[in-house]
>>> print(open('structure.cif').read())   # mmCIF, C-alpha atoms
data_work
#
loop_
_atom_site.label_atom_id
_atom_site.label_comp_id
_atom_site.auth_asym_id
_atom_site.auth_seq_id
_atom_site.Cartn_x
_atom_site.Cartn_y
_atom_site.Cartn_z
CA MET K 3 0.00 0.00 0.00
CA THR K 4 1.45 3.33 -1.04
CA LYS K 5 2.04 5.78 1.77
CA LEU K 6 0.24 9.11 1.50
CA SER K 7 2.31 12.21 1.38
CA VAL K 8 2.09 14.59 4.34
CA LEU K 9 0.00 16.94 2.18
CA GLY K 10 -2.23 14.08 1.09
CA GLN K 11 -2.79 13.01 4.68
CA ALA K 12 -3.62 16.59 5.61
CA LEU K 13 -6.09 16.92 2.75
CA LEU K 14 -7.69 13.60 3.66
CA LEU K 15 -8.03 14.64 7.30
CA ALA K 16 -9.43 18.01 6.24
CA GLY K 17 -11.95 16.29 4.01
CA MET K 18 -12.97 13.92 6.78
CA PHE K 19 -13.32 16.83 9.19
CA SER K 20 -15.40 18.73 6.64
CA VAL K 21 -17.73 15.79 6.11
CA THR K 22 -18.03 15.21 9.87
CA SER K 23 -18.73 18.90 10.45
CA SER K 24 -21.36 18.94 7.72
CA VAL K 25 -23.08 15.91 9.19
CA ALA K 26 -22.98 17.46 12.67
CA ALA K 27 -24.35 20.74 11.34
CA ALA K 28 -27.16 19.00 9.49
CA ASP K 29 -28.00 17.02 12.62
CA LEU K 30 -28.08 20.22 14.71
CA ASP K 31 -30.27 21.96 12.14
CA GLN K 32 -32.70 19.08 12.35
CA GLN K 33 -32.73 19.24 16.14
CA ILE K 34 -33.41 22.99 16.03
CA GLN K 35 -36.23 22.49 13.55
CA GLN K 36 -37.80 19.77 15.70
CA ALA K 37 -37.55 21.92 18.83
CA ASN K 38 -39.19 24.85 17.04
CA GLU K 39 -41.96 22.62 15.71
CA GLN K 40 -42.70 21.52 19.27
CA VAL K 41 -43.56 25.12 20.24
CA ALA K 42 -45.32 26.16 17.01
CA ASP K 43 -48.82 25.80 18.44
CA LYS K 44 -47.84 27.07 21.87
CA VAL K 45 -46.53 30.39 20.59
CA ILE K 46 -49.97 31.17 19.13
CA THR K 47 -51.71 30.20 22.38
CA TRP K 48 -49.35 32.40 24.40
CA ARG K 49 -49.71 35.31 22.04
CA ARG K 50 -53.51 35.17 22.13
CA HIS K 51 -53.57 35.12 25.93
CA ILE K 52 -51.21 38.08 26.19
CA HIS K 53 -53.13 39.94 23.49
CA GLN K 54 -56.41 39.45 25.33
CA TYR K 55 -55.01 40.78 28.60
CA PRO K 56 -52.73 43.72 27.71
CA GLU K 57 -51.20 46.02 30.32
CA LEU K 58 -49.73 49.50 30.10
CA SER K 59 -46.08 50.44 30.71
CA ASN K 60 -44.73 49.64 34.19
CA ARG K 61 -48.03 47.90 34.95
CA GLU K 62 -47.31 44.56 33.24
CA PHE K 63 -47.95 42.58 36.43
CA LYS K 64 -50.01 39.70 35.05
CA THR K 65 -47.95 39.52 31.86
CA ALA K 66 -44.76 39.28 33.93
CA GLN K 67 -46.29 36.53 36.08
CA TYR K 68 -47.38 34.62 32.98
CA VAL K 69 -43.85 34.81 31.55
CA ALA K 70 -42.13 33.99 34.84
CA GLU K 71 -44.26 30.89 35.42
CA HIS K 72 -43.39 29.62 31.95
CA LEU K 73 -39.67 30.19 32.42
CA GLN K 74 -39.75 28.54 35.85
CA SER K 75 -41.54 25.53 34.33
CA LEU K 76 -38.53 25.17 32.03
CA GLY K 77 -36.26 24.87 35.06
CA LEU K 78 -34.66 28.28 34.60
CA GLU K 79 -33.61 30.51 37.46
CA VAL K 80 -35.87 33.54 37.10
CA GLU K 81 -35.57 37.05 38.48
CA THR K 82 -38.71 39.19 38.64
CA GLY K 83 -39.40 42.80 39.54
CA VAL K 84 -36.52 44.14 37.45
CA ALA K 85 -37.23 47.77 36.54
CA HIS K 86 -40.64 47.38 38.21
CA THR K 87 -42.08 44.43 36.26
CA GLY K 88 -39.27 43.05 34.12
CA VAL K 89 -38.47 39.34 34.02
CA VAL K 90 -34.96 38.01 33.44
CA ALA K 91 -33.81 34.40 33.14
CA ARG K 92 -30.54 32.75 32.30
CA LEU K 93 -29.76 29.50 30.53
CA LYS K 94 -26.31 27.93 30.68
CA GLY K 95 -25.54 25.54 27.87
CA ASP K 96 -23.70 22.28 28.43
CA LYS K 97 -20.75 23.56 26.41
CA PRO K 98 -18.56 26.57 27.25
CA GLY K 99 -19.03 29.78 25.34
CA PRO K 100 -19.95 33.46 25.54
CA LEU K 101 -23.01 35.13 27.03
CA ILE K 102 -25.54 36.66 24.64
CA ALA K 103 -28.85 38.41 25.37
CA LEU K 104 -32.29 38.14 23.75
CA ARG K 105 -34.90 40.83 24.42
CA ALA K 106 -38.69 41.12 24.14
CA ASP K 107 -40.82 44.06 25.31
CA MET K 108 -44.09 43.45 27.18
CA ASP K 109 -46.16 46.65 27.39
CA ALA K 110 -49.30 47.65 25.50
CA LEU K 111 -50.75 51.01 24.45
CA PRO K 112 -53.70 53.21 25.49
CA VAL K 113 -55.63 52.25 22.35
CA THR K 114 -59.16 50.81 22.09
CA GLU K 115 -58.99 47.72 19.87
CA GLN K 116 -61.16 47.70 16.75
CA VAL K 117 -60.04 44.36 15.29
CA ASP K 118 -62.74 41.68 15.23
CA LEU K 119 -61.01 38.79 16.98
CA PRO K 120 -62.34 36.22 19.47
CA PHE K 121 -59.41 37.15 21.72
CA ALA K 122 -59.62 40.92 21.18
CA SER K 123 -58.78 43.05 24.18
CA GLN K 124 -61.65 44.26 26.35
CA GLN K 125 -59.29 45.78 28.90
CA SER K 126 -59.28 49.37 30.06
CA ALA K 127 -57.10 51.46 32.35
CA THR K 128 -56.51 55.01 33.52
CA TYR K 129 -53.96 56.90 31.46
CA ARG K 130 -53.13 60.54 32.25
CA GLY K 131 -56.28 60.81 34.28
CA GLN K 132 -58.57 59.42 31.57
CA LYS K 133 -60.14 56.01 31.18
CA VAL K 134 -58.79 54.40 28.03
CA GLY K 135 -58.90 51.11 26.21
CA VAL K 136 -55.72 49.03 26.29
CA MET K 137 -54.42 47.10 23.26
CA HIS K 138 -51.27 45.42 22.03
CA ALA K 139 -51.37 47.76 19.05
CA CYS K 140 -47.61 47.56 18.52
CA GLY K 141 -47.23 43.79 18.61
CA HIS K 142 -45.36 43.35 21.87
CA ASP K 143 -47.63 40.39 22.61
CA ALA K 144 -46.00 38.64 19.66
CA HIS K 145 -42.52 39.57 20.86
CA VAL K 146 -43.17 38.02 24.28
CA ALA K 147 -44.69 34.85 22.85
CA ILE K 148 -41.82 34.43 20.40
CA LEU K 149 -39.18 34.76 23.11
CA MET K 150 -41.09 32.37 25.38
CA ALA K 151 -40.97 29.87 22.51
CA VAL K 152 -37.29 30.50 21.85
CA ALA K 153 -36.55 29.90 25.54
CA GLU K 154 -38.36 26.56 25.44
CA SER K 155 -36.56 25.52 22.25
CA LEU K 156 -33.16 26.45 23.65
CA VAL K 157 -33.80 24.58 26.91
CA ALA K 158 -34.62 21.50 24.83
CA LEU K 159 -31.32 22.02 22.99
CA LYS K 160 -29.27 22.77 26.10
CA SER K 161 -26.83 19.93 25.42
CA GLU K 162 -25.86 21.61 22.13
CA LEU K 163 -25.56 25.16 23.46
CA ALA K 164 -21.99 26.46 23.53
CA GLY K 165 -22.57 29.44 25.79
CA GLU K 166 -25.13 31.21 27.96
CA ILE K 167 -28.37 33.00 27.09
CA LEU K 168 -29.86 35.94 28.98
CA PHE K 169 -33.60 36.20 28.34
CA VAL K 170 -34.83 39.75 28.87
CA PHE K 171 -38.57 40.43 29.09
CA GLN K 172 -38.69 44.20 29.35
CA PRO K 173 -41.43 46.55 30.54
CA ALA K 174 -42.20 50.09 29.40
CA GLU K 175 -40.69 50.22 25.92
CA GLU K 176 -43.47 52.65 25.00
CA GLY K 177 -42.24 54.97 27.75
CA ALA K 178 -42.68 55.01 31.49
CA PRO K 179 -45.63 56.91 32.98
CA GLU K 180 -44.99 60.55 33.81
CA GLY K 181 -42.84 60.86 36.92
CA GLU K 182 -41.52 57.29 36.67
CA GLN K 183 -38.47 55.60 35.22
CA GLY K 184 -38.64 52.41 33.26
CA GLY K 185 -37.73 50.35 30.24
CA ALA K 186 -34.32 49.33 28.96
CA GLU K 187 -32.55 52.29 30.56
CA LEU K 188 -33.76 51.37 34.04
CA MET K 189 -33.01 47.67 33.57
CA LEU K 190 -29.44 48.58 32.73
CA LYS K 191 -29.22 50.96 35.71
CA GLU K 192 -30.31 48.08 37.93
CA GLY K 193 -27.45 45.90 36.67
CA LEU K 194 -28.94 43.86 33.83
CA PHE K 195 -25.59 43.83 32.03
CA ALA K 196 -23.45 43.48 35.17
CA GLN K 197 -21.89 40.67 33.19
CA LYS K 198 -21.90 42.22 29.77
CA PRO K 199 -23.12 39.94 26.97
CA GLU K 200 -21.07 39.75 23.79
CA ALA K 201 -24.13 40.54 21.69
CA VAL K 202 -27.81 41.36 22.05
CA PHE K 203 -30.60 40.44 19.62
CA GLY K 204 -34.16 41.71 19.32
CA LEU K 205 -37.02 41.77 16.85
CA HIS K 206 -40.11 43.83 16.17
CA VAL K 207 -43.20 42.84 14.21
CA THR K 208 -44.31 45.28 11.54
CA SER K 209 -47.30 45.63 9.23
CA SER K 210 -45.08 47.26 6.60
CA LEU K 211 -43.74 43.82 5.61
CA ASN K 212 -45.62 40.69 4.63
CA THR K 213 -45.59 37.39 6.45
CA GLY K 214 -42.39 35.54 5.65
CA GLN K 215 -40.32 38.70 5.22
CA ILE K 216 -37.56 40.04 7.45
CA GLY K 217 -36.22 43.58 7.24
CA PHE K 218 -33.18 45.29 8.74
CA ARG K 219 -30.21 47.43 7.83
CA SER K 220 -26.62 47.77 9.03
CA GLY K 221 -25.71 50.86 11.04
CA PRO K 222 -28.41 53.36 12.06
CA LEU K 223 -31.84 51.76 11.79
CA MET K 224 -34.23 53.80 13.93
CA ALA K 225 -34.06 57.44 14.97
CA SER K 226 -33.34 58.98 18.32
CA GLU K 227 -36.36 60.60 19.96
CA ASP K 228 -36.39 63.77 22.03
CA SER K 229 -39.46 65.84 22.86
CA PHE K 230 -39.55 69.51 23.75
CA ASN K 231 -41.83 72.04 25.40
CA ILE K 232 -41.58 75.76 24.62
CA LYS K 233 -43.32 78.55 26.50
CA VAL K 234 -43.27 81.91 24.72
CA LYS K 235 -44.08 84.78 27.06
CA GLY K 236 -45.36 88.08 25.68
CA ARG K 237 -47.57 90.81 27.11
CA GLN K 238 -51.33 90.69 26.74
CA THR K 239 -53.14 93.48 24.93
CA HIS K 240 -56.17 94.21 22.77
CA GLY K 241 -56.00 92.63 19.34
CA SER K 242 -56.68 96.00 17.70
CA ARG K 243 -53.60 97.56 19.35
CA PRO K 244 -50.78 95.02 19.15
CA TRP K 245 -48.14 97.75 19.63
CA ASN K 246 -49.27 98.13 23.25
CA GLY K 247 -48.14 94.58 24.07
CA VAL K 248 -45.88 91.79 22.89
CA ASP K 249 -47.52 89.20 20.67
CA PRO K 250 -46.41 85.64 21.66
CA ILE K 251 -48.44 84.12 18.82
CA VAL K 252 -46.46 85.92 16.13
CA ALA K 253 -43.23 85.17 18.01
CA SER K 254 -44.22 81.50 18.16
CA SER K 255 -44.87 81.38 14.42
CA GLN K 256 -41.45 82.91 13.81
CA ILE K 257 -39.88 80.30 16.09
CA ILE K 258 -41.58 77.46 14.20
CA MET K 259 -40.29 78.72 10.86
CA ALA K 260 -36.79 79.54 12.17
CA THR K 261 -36.30 76.09 13.67
CA GLN K 262 -37.00 74.43 10.30
CA THR K 263 -33.74 75.86 8.98
CA ILE K 264 -31.80 73.81 11.55
CA ALA K 265 -32.44 70.59 9.63
CA SER K 266 -32.41 72.15 6.17
CA ARG K 267 -29.55 74.65 6.46
CA GLN K 268 -27.48 74.20 9.63
CA VAL K 269 -26.63 70.51 9.93
CA ASP K 270 -25.01 68.31 7.30
CA VAL K 271 -27.94 66.68 5.49
CA THR K 272 -25.53 64.33 3.67
CA LYS K 273 -24.48 62.78 6.98
CA ALA K 274 -27.90 61.84 8.33
CA PRO K 275 -31.49 63.05 8.00
CA SER K 276 -33.17 64.88 10.88
CA VAL K 277 -36.64 66.15 11.70
CA ILE K 278 -37.95 68.88 14.01
CA SER K 279 -41.74 68.76 14.20
CA PHE K 280 -44.26 70.72 16.24
CA GLY K 281 -47.22 68.66 17.40
CA ALA K 282 -49.28 71.26 19.26
CA ILE K 283 -49.52 75.01 19.79
CA ASN K 284 -51.84 76.49 22.37
CA GLY K 285 -52.44 80.12 23.30
CA GLY K 286 -55.26 82.62 23.56
CA VAL K 287 -59.01 82.34 24.10
CA ARG K 288 -60.59 85.11 22.03
CA SER K 289 -60.21 86.63 18.56
CA ASN K 290 -59.48 90.17 19.77
CA ILE K 291 -57.19 89.41 22.69
CA ILE K 292 -53.46 88.93 22.20
CA PRO K 293 -52.53 86.54 25.04
CA ASP K 294 -49.72 86.62 27.52
CA GLU K 295 -48.32 83.20 26.67
CA VAL K 296 -48.19 80.45 24.05
CA GLU K 297 -47.13 76.86 24.70
CA MET K 298 -45.77 74.55 21.99
CA VAL K 299 -44.65 70.94 22.04
CA GLY K 300 -42.77 68.90 19.47
CA THR K 301 -40.25 66.19 18.70
CA ILE K 302 -36.70 65.87 17.36
CA ARG K 303 -35.57 62.85 15.33
CA THR K 304 -32.16 62.05 13.90
CA PHE K 305 -29.86 59.11 13.15
CA ASP K 306 -26.53 60.34 14.51
CA GLN K 307 -25.73 60.83 18.19
CA GLN K 308 -23.40 63.80 17.66
CA MET K 309 -25.93 65.47 15.37
CA ARG K 310 -28.58 64.84 17.98
CA ALA K 311 -26.63 66.79 20.60
CA ASP K 312 -25.84 69.56 18.11
CA ILE K 313 -29.49 69.97 17.10
CA LYS K 314 -30.57 70.31 20.73
CA GLN K 315 -28.10 73.16 21.25
CA ARG K 316 -29.16 74.87 18.04
CA LEU K 317 -32.83 74.49 18.87
CA GLN K 318 -32.42 76.13 22.26
CA LYS K 319 -30.43 79.02 20.82
CA THR K 320 -32.82 79.56 17.91
CA VAL K 321 -35.89 79.54 20.15
CA GLU K 322 -34.48 81.97 22.69
CA LEU K 323 -32.98 84.46 20.23
CA THR K 324 -35.98 84.44 17.87
CA ALA K 325 -38.28 85.22 20.78
CA GLN K 326 -35.92 87.93 21.96
CA ALA K 327 -35.91 89.54 18.52
CA ALA K 328 -39.71 89.76 18.72
CA GLY K 329 -39.56 91.35 22.17
CA ALA K 330 -40.78 88.17 23.86
CA LYS K 331 -39.11 85.61 26.08
CA ALA K 332 -39.01 81.86 25.46
CA ASP K 333 -38.26 79.03 27.87
CA ILE K 334 -37.51 75.65 26.32
CA HIS K 335 -37.32 72.31 28.07
CA ILE K 336 -36.04 69.25 26.19
CA ASP K 337 -36.93 65.77 27.42
CA HIS K 338 -34.12 63.48 26.37
CA GLY K 339 -35.61 60.30 24.93
CA TYR K 340 -34.28 57.18 23.24
CA PRO K 341 -30.90 57.17 21.47
CA VAL K 342 -30.38 56.14 17.85
CA THR K 343 -30.91 52.40 17.35
CA VAL K 344 -27.77 51.17 15.63
CA ASN K 345 -27.15 47.69 14.25
CA ASP K 346 -23.49 46.90 14.78
CA PRO K 347 -22.04 46.57 11.25
CA GLN K 348 -19.73 43.68 12.06
CA LEU K 349 -22.42 41.72 13.93
CA THR K 350 -24.98 42.47 11.21
CA ASN K 351 -22.64 41.28 8.47
CA MET K 352 -21.87 38.16 10.47
CA MET K 353 -25.51 37.24 11.08
CA THR K 354 -27.09 38.26 7.75
CA PRO K 355 -26.63 34.74 6.28
CA THR K 356 -28.55 33.35 9.25
CA LEU K 357 -31.57 35.57 8.57
CA GLN K 358 -31.35 34.79 4.85
CA ARG K 359 -31.32 31.08 5.58
CA ALA K 360 -34.26 31.41 7.97
CA ALA K 361 -36.52 33.40 5.62
CA GLY K 362 -34.98 32.76 2.21
CA SER K 363 -32.70 35.33 0.58
CA ASP K 364 -35.51 36.84 -1.51
CA ASN K 365 -37.50 37.53 1.67
CA VAL K 366 -34.77 39.46 3.47
CA ILE K 367 -35.05 43.18 2.78
CA THR K 368 -32.82 46.15 3.50
CA THR K 369 -35.22 48.62 5.09
CA ASP K 370 -35.20 52.37 4.78
CA LEU K 371 -34.26 54.47 7.79
CA ILE K 372 -37.15 54.52 10.25
CA THR K 373 -37.96 57.75 12.09
CA GLY K 374 -39.70 55.85 14.87
CA ALA K 375 -37.63 55.17 17.99
CA GLU K 376 -36.88 52.07 20.09
CA ASP K 377 -35.31 51.72 23.51
CA PHE K 378 -33.48 48.60 22.35
CA SER K 379 -31.01 51.36 21.46
CA TYR K 380 -29.81 51.48 25.08
CA TYR K 381 -28.70 47.84 24.96
CA ALA K 382 -26.95 48.41 21.63
CA LEU K 383 -24.96 51.28 23.17
CA GLU K 384 -23.59 48.83 25.75
CA THR K 385 -22.75 45.89 23.48
CA PRO K 386 -23.04 45.03 19.77
CA GLY K 387 -26.71 44.68 18.86
CA LEU K 388 -28.83 43.42 15.98
CA PHE K 389 -32.49 44.44 15.74
CA PHE K 390 -34.68 43.26 12.88
CA PHE K 391 -38.28 43.49 11.71
CA LEU K 392 -40.65 40.58 11.17
CA GLY K 393 -43.44 41.04 8.63
CA VAL K 394 -46.95 40.24 9.91
CA THR K 395 -49.28 41.43 7.12
CA PRO K 396 -50.91 38.46 5.34
CA LYS K 397 -49.30 37.62 2.01
CA ASP K 398 -52.46 38.38 0.06
CA GLN K 399 -52.63 41.96 1.39
CA ASP K 400 -50.67 45.05 0.39
CA ALA K 401 -48.33 45.83 3.28
CA LYS K 402 -48.12 49.45 2.13
CA THR K 403 -51.78 50.02 2.96
CA ALA K 404 -52.10 47.77 6.02
CA PRO K 405 -52.99 49.49 9.33
CA SER K 406 -49.72 50.47 10.95
CA ASN K 407 -48.35 49.68 14.38
CA HIS K 408 -50.16 51.82 17.02
CA SER K 409 -53.39 51.71 15.00
CA PRO K 410 -56.57 50.33 16.66
CA HIS K 411 -56.86 48.20 13.51
CA PHE K 412 -53.32 46.75 13.75
CA TYR K 413 -53.46 43.06 12.85
CA ILE K 414 -50.92 40.26 13.19
CA ASP K 415 -50.97 37.27 10.86
CA GLU K 416 -50.08 34.49 13.29
CA LYS K 417 -48.52 32.48 10.46
CA ALA K 418 -45.60 34.90 10.79
CA LEU K 419 -44.71 33.91 14.34
CA PRO K 420 -42.84 30.64 13.62
CA LEU K 421 -40.37 32.54 11.45
CA GLY K 422 -39.62 34.81 14.39
CA VAL K 423 -38.91 31.78 16.56
CA LYS K 424 -36.79 30.17 13.84
CA ALA K 425 -34.77 33.31 13.18
CA MET K 426 -34.01 34.01 16.83
CA THR K 427 -33.12 30.40 17.62
CA ASN K 428 -30.77 30.17 14.66
CA LEU K 429 -29.16 33.52 15.49
CA VAL K 430 -28.24 32.07 18.87
CA PHE K 431 -26.65 28.89 17.52
CA ASP K 432 -24.92 30.53 14.57
CA TYR K 433 -23.42 33.22 16.77
CA LEU K 434 -22.22 30.76 19.40
CA TYR K 435 -20.73 28.37 16.86
CA LYS K 436 -18.99 31.10 14.85
CA GLN K 437 -16.93 32.16 17.88
#
>>> encode(input="structure.cif", output="structure tokens")
Amino acid sequence: MTKLSVLGQALLLAGMFSVTSSVAAADLDQQIQQANEQVADKVITWRRHIHQYPELSNREFKTAQYVAEHLQSLGLEVETGVAHTGVVARLKGDKPGPLIALRADMDALPVTEQVDLPFASQQSATYRGQKVGVMHACGHDAHVAILMAVAESLVALKSELAGEILFVFQPAEEGAPEGEQGGAELMLKEGLFAQKPEAVFGLHVTSSLNTGQIGFRSGPLMASEDSFNIKVKGRQTHGSRPWNGVDPIVASSQIIMATQTIASRQVDVTKAPSVISFGAINGGVRSNIIPDEVEMVGTIRTFDQQMRADIKQRLQKTVELTAQAAGAKADIHIDHGYPVTVNDPQLTNMMTPTLQRAAGSDNVITTDLITGAEDFSYYALETPGLFFFLGVTPKDQDAKTAPSNHSPHFYIDEKALPLGVKAMTNLVFDYLYKQ
């Protein structure tokens, strides 16, 4: 028998290793598929229950209990009461590896549901002193159900896990009630990432994509969000003699127009888009009385953290000096909201094949920049993050005209949920095995 050369032996060994690895990978893929199939019906049951009993931000008591009981039934060590109502659990695989985090948000909105479903919400609550309907109009019920299913699948596959998973069920993504803290920022303040995960993954259902589609983009994905309140103080007088007073209404109109030049003329529009919008202006009670004061509120959106800080400074200066030029005085208060949601380019590039394999390459879409905001952004400031969108509009409907998230008519095609489970489960294994 002829002896193989050293190179030949090496190539033979490499080939054997490749075949063995392929077989092992195929076997693992089959195990993942079987685990996901075991929870396919459960995820719909869980989602319907959570949808029927929605709760507002920082008040997700029953939702948190429902989640915690499920995680405890899986044998996980569960921590409750994080950032008021958050639930956190940890799974350690049988093989050594890094820690990664998976996040789902739990809160609903003050919206009265108008979707004809047997499990439609009939819940109500008090919001800002008014009785309101409560609905999962943004799809957080689906997020929770999907992560509950992913947790069950990963527990079943514990022997194959080469690392640890931090399951984060977060309250108050829609914003904590006035006078309270909450959400991702508070969870982090309370030590959620005391041991920092190597990566964090999250998803969000959207009516702007059809069932079977996944959308995301590398780098900035969703805008930062800051709100502002401006009080313009003039001097009241008769409407027929404006020269005897200071007109805060005219000054306010000048402020509105002047601030629009910040985005169009003062910041680099080639770097990132930005928006300054006024949502309300209130002042005066009668046609012939120039009032003492006008109050305005609005929002700032951008996709760059440095630009965000710059715009805030420019806004304050523009408001104050424009009012001064009109003989009035303006006080501006800016509420600092969510940062820019950024998908880490390296992590996104690494995990794109996973999402393409889960949904099919033709169903994975590079989304446009989204001017909505997400407090997943806080996690992604701490460690590399990947946040993606899961389409939930039925395939036979035009996603462009489907009722949007936050609408009382928002509808989720439950056929979309298994893809969310599949994508998240495979992101975990592909990340851990690529280390």
>>> closest_atom_pairs(input="structure.cif", of="region 112-169 of chain K", to="region 413-429 of chain K", cutoff="12 Å", atoms="only C-alpha atoms", output="tab-separated table")
residue	atom	partner	partner_atom	distance
K:Glu115	CA	K:Tyr413	CA	10.1
K:Gln116	CA	K:Tyr413	CA	9.8
K:Val117	CA	K:Tyr413	CA	7.1
K:Asp118	CA	K:Tyr413	CA	9.7
K:Leu119	CA	K:Tyr413	CA	9.6
K:Ala122	CA	K:Tyr413	CA	10.6
K:Met137	CA	K:Tyr413	CA	11.2
K:His138	CA	K:Tyr413	CA	9.7
K:Ala139	CA	K:Tyr413	CA	8.1
K:Cys140	CA	K:Tyr413	CA	9.3
K:Gly141	CA	K:Ile414	CA	7.4
K:His142	CA	K:Ile414	CA	10.8
K:Asp143	CA	K:Ile414	CA	10.0
K:Ala144	CA	K:Leu419	CA	7.2
K:His145	CA	K:Gly422	CA	8.5
K:Val146	CA	K:Val423	CA	10.8
K:Ala147	CA	K:Leu419	CA	8.6
K:Ile148	CA	K:Val423	CA	5.5
K:Leu149	CA	K:Val423	CA	7.2
K:Met150	CA	K:Val423	CA	9.1
K:Ala151	CA	K:Val423	CA	6.6
K:Val152	CA	K:Val423	CA	5.7
K:Ala153	CA	K:Thr427	CA	8.6
K:Glu154	CA	K:Thr427	CA	10.2
K:Ser155	CA	K:Thr427	CA	7.6
K:Leu156	CA	K:Thr427	CA	7.2
K:Val157	CA	K:Thr427	CA	11.0
K:Ala158	CA	K:Thr427	CA	11.6
K:Leu159	CA	K:Thr427	CA	10.1
K:Leu163	CA	K:Thr427	CA	10.9
K:Ile167	CA	K:Thr427	CA	10.9
K:Phe169	CA	K:Met426	CA	11.7
>>> closest_residue(input="structure.cif", among="K:Asn290, K:Thr87, K:Thr368, K:Asn351", to="Pro244 (chain K)", atoms="all atoms listed in the file")
K:Asn290
>>> closest_residue(input="structure.cif", among="K:Leu211, K:Leu190, K:Leu323, K:Ala26", to="Ala253 (chain K)", atoms="all atoms listed in the file")
K:Leu323
>>> resolve_selection(input="structure.cif", expression="the PyMOL selection byres ((chain K and resi 269) around 12)", output="PyMOL selection string")
chain K and resi 261-268+270-277+304+306+308-317
>>> resolve_selection(input="structure.cif", expression="the PyMOL selection byres ((chain K and resi 209) around 8)", output="ChimeraX atom specification")
/K:207-208,210-212,393-395,401,404-407,412-414
>>> atom_distance(input="structure.cif", atom1="CA of Phe121 (chain K)", atom2="CA of Pro56 (chain K)")
11.1 Å
>>> residues_around(input="structure.cif", residues="Thr373 (chain K)", least_positions_apart="2", cutoff="12 Å", atoms="only C-alpha atoms", output="VMD selection string")
chain K and resid 222 to 228 274 to 279 301 to 306 340 to 343 369 to 371 375 to 376
>>> atom_distance(input="structure.cif", atom1="CA of Asp109 (chain K)", atom2="CA of Ser409 (chain K)")
15.2 Å
>>> resolve_selection(input="structure.cif", expression="the PyMOL selection byres ((chain K and resi 432) around 12)", output="VMD selection string")
chain K and resid 27 30 to 31 34 102 162 to 165 349 352 to 357 359 to 360 424 to 431 433 to 437
>>> atom_distance(input="structure.cif", atom1="CA of Ser255 (chain K)", atom2="CA of Gly339 (chain K)")
25.3 Å
>>> residues_around(input="structure.cif", residues="Val366 (chain K)", least_positions_apart="3", cutoff="6 Å", atoms="all atoms listed in the file", output="list in words")
Gln215, Ile216, Gly217, Gln358 and Ser363 of chain K
>>> write_last_selection(input="structure.cif", atoms="C-alpha atoms", output="short mmCIF file (atom, residue, chain, number, x, y, z; two decimals), in the coordinates of the input")
data_model
loop_
_atom_site.label_atom_id
_atom_site.label_comp_id
_atom_site.auth_asym_id
_atom_site.auth_seq_id
_atom_site.Cartn_x
_atom_site.Cartn_y
_atom_site.Cartn_z
CA GLN K 215 -40.32 38.70 5.22
CA ILE K 216 -37.56 40.04 7.45
CA GLY K 217 -36.22 43.58 7.24
CA GLN K 358 -31.35 34.79 4.85
CA SER K 363 -32.70 35.33 0.58
#
>>> closest_residue(input="structure.cif", among="K:Lys319, K:Arg105, K:Lys331, K:Arg219", to="Gly185 (chain K)", atoms="all atoms listed in the file")
K:Arg105
>>> closest_residue(input="structure.cif", among="K:Leu76, K:Ile291, K:Ala328, K:Ala91", to="Thr239 (chain K)", atoms="only C-alpha atoms")
K:Ile291
